[in-house]
Every structure is written in C-alpha cells, then in structure tokens.
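Accompanying notes for the structure given below.
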Amino acid sequence: MNPEIDAALKIMGLGLGGVFTVLILFYFVTRLMIVIARKLPPMEEK
Amino acid sequence: MNELLAGIVNLHLGNFVMFGISLILIYLAIAKDYEPMLLLPIGFGALLANIPFSSAIGHEGFLTILYNYGIRTELFPVLIFVAVGAMIDFKPLLQNPFMLFFGAAAQFGIFACLFVAVLMGYDLKEAASIGIIGAADGPTSIYVANKFAERLLAPISVAAYSYMSLVPIIQPPVIRALTTRQERLIRMTYHQTAIPKLVEIAFPIVITLIAGIVAPISVALIGSLMFGNLIRACGVLERLSNAAQNELANLVTLMLGITIGSTMIAQDFLRADTLIIMGMGLIAFIFDTAGGVLFAKFLNLFLKNKVNPMVGAAGISAFPMSARVIQRMAKEEDPTNFILMQSTSANVAGQLGSIVAGGLLLALVPLFMK
C-alpha cells in the first residue's frame, strides 16, 4: 500500500479513536465531579 | 505619468475575478446574513489586497503586519478562543454529559476528508489542514492550517466560514437521507437538574488538564478556550468576562477577518486547489453530519430510551446554528416535539470535540511524516 495512504488510515483510526477516548474520559470525569460536588456543601454565589 | 497609471495598466483578469469574489462575500454577508462578522471583513480584505500595488499589503502594508504578528504567531486564533470560551455556557452539557459522545462522532468528517485528500495527492499536512474544515470551527481551522499548510490558509478559512454559515442548507438533506420519519419523530425526555457551581468552575480546569496531558500540543487551543470559560464561570470576573465576550471578540474578529482576506491574492487564490478545497470542505461537513446521525442510530440498537438520531448531527461545532436546525427539523415532523436542549448539549460537545480533534491532528500528523 502507498505509505501516505497507510499513514492517513492510521491517523484516521488513531484520531477518531483518540477523540472518542478523550471525550469518554471527559464524560466520566464530569459525572464524577457532579457526584463529588453534590456531596460537598454548596458554594456561596457571589 | 506611468506611475500615475500603474494601478490601471497592471489590472489583470485575476484582479477582476478577485474583485468579483470579494463583492460576492460582501453581498452574502450583508444581504444574506451569512456569517457577516467574518465574511464582510474577509471580502473587504481581499478587495484591498487585489488592487495592483496596494499599500495595504507588502513589506510595510498594515495587513501584512497584522498577518505576521496576528496569524503567523497564532495570536488571533488563540485570542478568539478566549472570547469563545467566555461565550460558551457548558451547563446544558453538564446537565446531559452523555451528549459528549455525539461531539466525538460528528468529527468523523475531519478524518474522512483527510483520507480523501491524501487519495487526491495532497501530503499529510495539507490533507490534515483540509480535513480540519470539517471541525466547523473557524479558529481551529486557521490554527491547524497555519501550522501545517500556510499556503492553503486563505481557501481553508473561506471554506470553513462559508460552510459554517451554510449548515442550515447542508445538514437537513443529509439527515433526511439517513433517517426514517419514524426516527425523526422520536421524543427525548429532558430532566433539568441543577449543576453545582463547583462543577461549573472545576470543569474548564479539569478538561484543560486532561486534554493537555493527552495532547500537549493542544494546550494553546483548549487552554485559551477554557481560560475564557473559567472567567465566565467563576462569577467574580464579570467585567473581564464581558470584555472577552464583547470587546475582545469583536476586535479580534475584525482583525482576523480582514487579515485572512488579505491573503486571498489572485495568483495564490485562483488555482484548482481552491475549488478542490471548497469541494472537500463540503464533503467534510456531509461526513460530519452522517457520522453523528449514524452513531446515534448505532447507539439506539442498545439503548432503552432511544435517541432522536437528528441530535447526533448537532455534534458539530457550528454553535448554536446546528442545534437550531435540528430543532426546526424535529418541529417540521411533529410541532410538539422539543429536542432543542439535547441538540444544544450535543452542539456544545461538538465545540469540545472539534478542538480535541484539532489537537490530535497536530500531535499525530508529524509522527507519520517522513
């Protein structure tokens, strides 16, 4: 296979996989932050 | 006498074509309201740059100076991100973090377009710069193109901003082609929950740390966006938040637009590349939309509470236009169906997804270059 096409396919896989991985990480971290924050006393609004 | 007539005798067909393109951009901005804040300055910048012997460009031209100090240094896109960050309200996403998945799926167009560009003979850096048009995010497109393929910056910027304004025309036919009426009628329940202030404040900090550690090269992009958002969310910097949302955003947008326009010089812009890039940008937007819709349909195979697949299409970064398009389409099918909040959440997720995708491209492409 043409090395450029091979590299493009790898970037496509790693890139899309990477975006999903990072956003899945964001998802779990966000859920965790919400759970923790709900257990803490609410912040005073200034 | 010759010097007095230099402007006239040096006018070529290319100059007239570029005048025409400039006027079309200005017309679209004023008459059609297509991204006027950018298309008008871009159009006028192109007009200034294509007048023979224009003093606006060249060694001492103010537009060249703005380009060298604002675009080449990546300062303008980064400042725009601070402003955009201050404008984004992440609450809809925090109330419904599940929508983050659509912000990832709808970046498919970036990578599909990169692959198509390589098949067409572009090298990896140019292909990545063309693909990033699919981020539907002007500053990210400019940032990546400036790093990887400066010579393609003008057509990529014009394509990115033009297609962002054409989202209401591009997305509906793609969505209709990929969904049945039954799917478009799916209702989604929405539970509004109060988000603790602490989460609003911690979110930009934690996201910056995660994205920065995964792809350090994305720190400038995500860091500036999240800095702007922290100013907004913290609640103690209202003046700075307002300044970022208004004065900073307006001033940098103005300079960014006219500077990008000044790079649209006839001999560089009137090439087959420009037409190809415009075509590829369209492909990227179509694949983005398809990626989001098909991912939602895939999830529906496993979910008990089905997702309206149209919401997946809102996972692109064009905010809030895409969310509004999806809500309008849902309303056309069933006037009582209300999925605006879910679409908005997906749309906000798309803003994060596009920056993460841009950061990953910046990190990955150099690894595969010979």
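How things are named: the first chain in the structure tokens is A, the next is B, and so on; residues count from 1 in each chain; ligands count from 1 in the order shown.
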
Subject >> chain B residues near chain A (8 Å cut-off, only C-alpha atoms) as a ChimeraX atom specification >> reply: /B:94,97-98,100-101,103-105,107-108,111-112,114-115,118-119,123-124,195-199,202-203,207,210-211,214,235-236,353,356-357,360-361,364-365,368

May I have the selected residues written with N, CA and C atoms, as a CSV table (one decimal), in the first residue's frame?
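Wrote it out as selection22.csv, contents follow:
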```csv
chain,number,residue,atom,x,y,z
B,94,LEU,N,-23.3,19.9,30.9
B,94,LEU,CA,-23.1,19.3,32.2
B,94,LEU,C,-24.4,18.6,32.7
B,97,PRO,N,-24.3,15.0,30.2
B,97,PRO,CA,-22.9,14.7,29.7
B,97,PRO,C,-22.9,13.5,28.7
B,98,PHE,N,-23.9,12.8,28.6
B,98,PHE,CA,-24.0,11.7,27.6
B,98,PHE,C,-23.8,12.2,26.2
B,100,LEU,N,-21.8,14.1,25.1
B,100,LEU,CA,-20.3,14.2,24.7
B,100,LEU,C,-20.0,13.2,23.6
B,101,PHE,N,-20.7,12.1,23.6
B,101,PHE,CA,-20.3,11.1,22.6
B,101,PHE,C,-20.6,11.6,21.2
B,103,GLY,N,-20.4,14.6,20.3
B,103,GLY,CA,-19.4,15.6,20.0
B,103,GLY,C,-18.1,14.9,19.4
B,104,ALA,N,-18.0,13.6,19.7
B,104,ALA,CA,-16.9,12.9,19.2
B,104,ALA,C,-17.3,12.3,17.8
B,105,ALA,N,-18.5,11.7,17.7
B,105,ALA,CA,-18.9,11.0,16.5
B,105,ALA,C,-18.9,12.0,15.3
B,107,GLN,N,-17.1,14.3,14.5
B,107,GLN,CA,-15.8,14.8,14.0
B,107,GLN,C,-15.3,13.8,12.9
B,108,PHE,N,-16.2,12.8,12.6
B,108,PHE,CA,-15.8,11.8,11.6
B,108,PHE,C,-15.4,12.5,10.2
B,111,PHE,N,-11.6,13.4,9.6
B,111,PHE,CA,-10.7,12.3,9.3
B,111,PHE,C,-11.0,11.7,8.0
B,112,ALA,N,-12.3,11.6,7.6
B,112,ALA,CA,-12.7,11.1,6.3
B,112,ALA,C,-12.2,12.0,5.2
B,114,LEU,N,-9.6,14.0,5.5
B,114,LEU,CA,-8.2,13.9,5.4
B,114,LEU,C,-7.8,12.7,4.5
B,115,PHE,N,-8.5,11.6,4.7
B,115,PHE,CA,-8.2,10.4,3.9
B,115,PHE,C,-8.4,10.7,2.4
B,118,VAL,N,-5.7,12.8,0.9
B,118,VAL,CA,-4.5,12.0,0.7
B,118,VAL,C,-4.6,11.2,-0.6
B,119,LEU,N,-5.8,10.7,-0.8
B,119,LEU,CA,-6.1,9.9,-2.1
B,119,LEU,C,-6.0,10.8,-3.3
B,123,ASP,N,-0.2,16.0,0.5
B,123,ASP,CA,0.6,15.4,1.5
B,123,ASP,C,-0.2,15.4,2.9
B,124,LEU,N,0.3,14.7,3.8
B,124,LEU,CA,-0.4,14.5,5.1
B,124,LEU,C,-0.7,15.9,5.8
B,195,ILE,N,-26.9,22.2,38.4
B,195,ILE,CA,-25.5,21.9,38.3
B,195,ILE,C,-24.8,22.7,39.4
B,196,PRO,N,-24.1,22.0,40.4
B,196,PRO,CA,-23.4,22.7,41.4
B,196,PRO,C,-22.4,23.7,40.8
B,197,LYS,N,-22.3,24.9,41.4
B,197,LYS,CA,-21.4,25.9,41.0
B,197,LYS,C,-19.9,25.4,40.9
B,198,LEU,N,-19.6,24.5,41.9
B,198,LEU,CA,-18.2,24.0,41.9
B,198,LEU,C,-17.9,23.2,40.6
B,199,VAL,N,-18.9,22.5,40.1
B,199,VAL,CA,-18.6,21.8,38.8
B,199,VAL,C,-18.4,22.7,37.7
B,202,ALA,N,-14.9,23.9,38.2
B,202,ALA,CA,-13.9,22.8,38.0
B,202,ALA,C,-13.8,22.3,36.6
B,203,PHE,N,-14.9,22.3,35.9
B,203,PHE,CA,-14.9,21.8,34.5
B,203,PHE,C,-13.8,22.3,33.6
B,207,ILE,N,-10.8,19.8,32.4
B,207,ILE,CA,-10.8,19.5,31.0
B,207,ILE,C,-9.4,19.9,30.4
B,210,ILE,N,-6.8,17.4,31.4
B,210,ILE,CA,-6.9,16.1,30.7
B,210,ILE,C,-6.4,16.2,29.3
B,211,ALA,N,-7.0,17.2,28.6
B,211,ALA,CA,-6.7,17.4,27.1
B,211,ALA,C,-5.2,17.7,27.0
B,214,VAL,N,-3.0,14.6,27.5
B,214,VAL,CA,-3.2,13.7,26.4
B,214,VAL,C,-2.4,14.2,25.2
B,235,GLY,N,-17.7,33.6,38.3
B,235,GLY,CA,-18.6,34.5,38.9
B,235,GLY,C,-18.1,35.7,39.6
B,236,VAL,N,-16.7,35.9,39.6
B,236,VAL,CA,-16.1,37.0,40.3
B,236,VAL,C,-15.4,38.0,39.3
B,353,GLY,N,-15.2,18.7,21.0
B,353,GLY,CA,-14.8,17.6,20.1
B,353,GLY,C,-13.9,18.2,19.0
B,356,VAL,N,-10.5,19.1,20.4
B,356,VAL,CA,-9.7,17.9,20.7
B,356,VAL,C,-9.2,17.2,19.4
B,357,ALA,N,-10.1,17.2,18.4
B,357,ALA,CA,-9.7,16.6,17.1
B,357,ALA,C,-8.5,17.4,16.5
B,360,LEU,N,-5.4,16.6,18.3
B,360,LEU,CA,-4.9,15.3,18.0
B,360,LEU,C,-4.2,15.3,16.6
B,361,LEU,N,-4.8,16.0,15.7
B,361,LEU,CA,-4.2,16.1,14.3
B,361,LEU,C,-2.8,16.7,14.5
B,364,LEU,N,-0.6,14.0,15.9
B,364,LEU,CA,-0.4,12.8,15.1
B,364,LEU,C,0.3,12.9,13.8
B,365,VAL,N,-0.1,14.0,13.1
B,365,VAL,CA,0.5,14.1,11.7
B,365,VAL,C,2.0,14.2,11.7
B,368,PHE,N,3.7,10.8,11.6
B,368,PHE,CA,3.7,10.0,10.4
B,368,PHE,C,4.3,10.6,9.2
```

### Task
Extract, using only C-alpha atoms, all DNA, RNA and protein residues at most 12 Å from Asp288 in chain B, discarding same-chain residues fewer than 6 positions from it, and format them as an NGL selection string.
(:A and (16)) or (:B and (102-113 or 131-136 or 167 or 170-171 or 174-175 or 281-282 or 294-295 or 312-318 or 322 or 350 or 353-354))

For the residues in the current selection, export C-alpha atoms as a PDB file, in the first residue's frame.
```pdb
ATOM      1  CA  LEU A  16     -11.127   9.265  15.684  1.00  0.00           C
TER       2      LEU A  16
ATOM      3  CA  PHE B 102     -22.010  12.903  19.731  1.00  0.00           C
ATOM      4  CA  GLY B 103     -19.368  15.601  19.957  1.00  0.00           C
ATOM      5  CA  ALA B 104     -16.872  12.850  19.160  1.00  0.00           C
ATOM      6  CA  ALA B 105     -18.863  11.021  16.463  1.00  0.00           C
ATOM      7  CA  ALA B 106     -19.545  14.179  14.471  1.00  0.00           C
ATOM      8  CA  GLN B 107     -15.803  14.759  13.995  1.00  0.00           C
ATOM      9  CA  PHE B 108     -15.776  11.819  11.560  1.00  0.00           C
ATOM     10  CA  GLY B 109     -15.810  14.222   8.612  1.00  0.00           C
ATOM     11  CA  ILE B 110     -12.406  15.645   9.577  1.00  0.00           C
ATOM     12  CA  PHE B 111     -10.695  12.295   9.316  1.00  0.00           C
ATOM     13  CA  ALA B 112     -12.704  11.055   6.324  1.00  0.00           C
ATOM     14  CA  CYS B 113     -11.833  14.247   4.464  1.00  0.00           C
ATOM     15  CA  GLY B 131      -9.804  17.883   6.745  1.00  0.00           C
ATOM     16  CA  ILE B 132      -9.964  20.289   9.662  1.00  0.00           C
ATOM     17  CA  ILE B 133     -12.537  22.344   7.730  1.00  0.00           C
ATOM     18  CA  GLY B 134     -14.856  19.598   8.999  1.00  0.00           C
ATOM     19  CA  ALA B 135     -14.269  20.839  12.534  1.00  0.00           C
ATOM     20  CA  ALA B 136     -16.851  23.507  11.616  1.00  0.00           C
ATOM     21  CA  VAL B 167     -25.204  24.490   7.930  1.00  0.00           C
ATOM     22  CA  ILE B 170     -26.122  21.277   4.160  1.00  0.00           C
ATOM     23  CA  GLN B 171     -27.403  19.284   7.148  1.00  0.00           C
ATOM     24  CA  VAL B 174     -28.087  14.516   4.730  1.00  0.00           C
ATOM     25  CA  ILE B 175     -30.170  13.869   7.862  1.00  0.00           C
ATOM     26  CA  GLY B 281     -14.945  21.180   2.834  1.00  0.00           C
ATOM     27  CA  LEU B 282     -18.446  20.280   1.720  1.00  0.00           C
ATOM     28  CA  LEU B 294     -25.216   7.037  12.157  1.00  0.00           C
ATOM     29  CA  PHE B 295     -23.610   6.906  15.604  1.00  0.00           C
ATOM     30  CA  GLY B 312     -26.247  13.249  16.545  1.00  0.00           C
ATOM     31  CA  ALA B 313     -25.886  15.710  13.675  1.00  0.00           C
ATOM     32  CA  ALA B 314     -25.748  18.566  16.183  1.00  0.00           C
ATOM     33  CA  GLY B 315     -22.421  17.188  17.408  1.00  0.00           C
ATOM     34  CA  ILE B 316     -20.593  19.521  15.026  1.00  0.00           C
ATOM     35  CA  SER B 317     -19.055  22.713  16.333  1.00  0.00           C
ATOM     36  CA  ALA B 318     -21.243  25.225  14.475  1.00  0.00           C
ATOM     37  CA  SER B 322     -26.758  23.270  14.172  1.00  0.00           C
ATOM     38  CA  GLY B 350     -19.070  19.406  19.325  1.00  0.00           C
ATOM     39  CA  GLY B 353     -14.755  17.608  20.135  1.00  0.00           C
ATOM     40  CA  SER B 354     -13.522  19.840  17.324  1.00  0.00           C
TER      41      SER B 354
END
```

Find the residues near Ala83 in chain B: any atom within 8 Å, counting only C-alpha atoms, skip ones fewer than 5 places away on the same chain, and give them as a ChimeraX atom specification.
/B:225,228,244-246,248-249

Would you please give, as a PyMOL selection string, all residues of range 12-189 of chain B that DSSP assigns to alpha helix (DSSP H) based on the backbone? chain B and resi 13-31+36-49+62-66+75-87+91-95+100-105+108-119+124-131+138-148+153-165+167-178+181-184
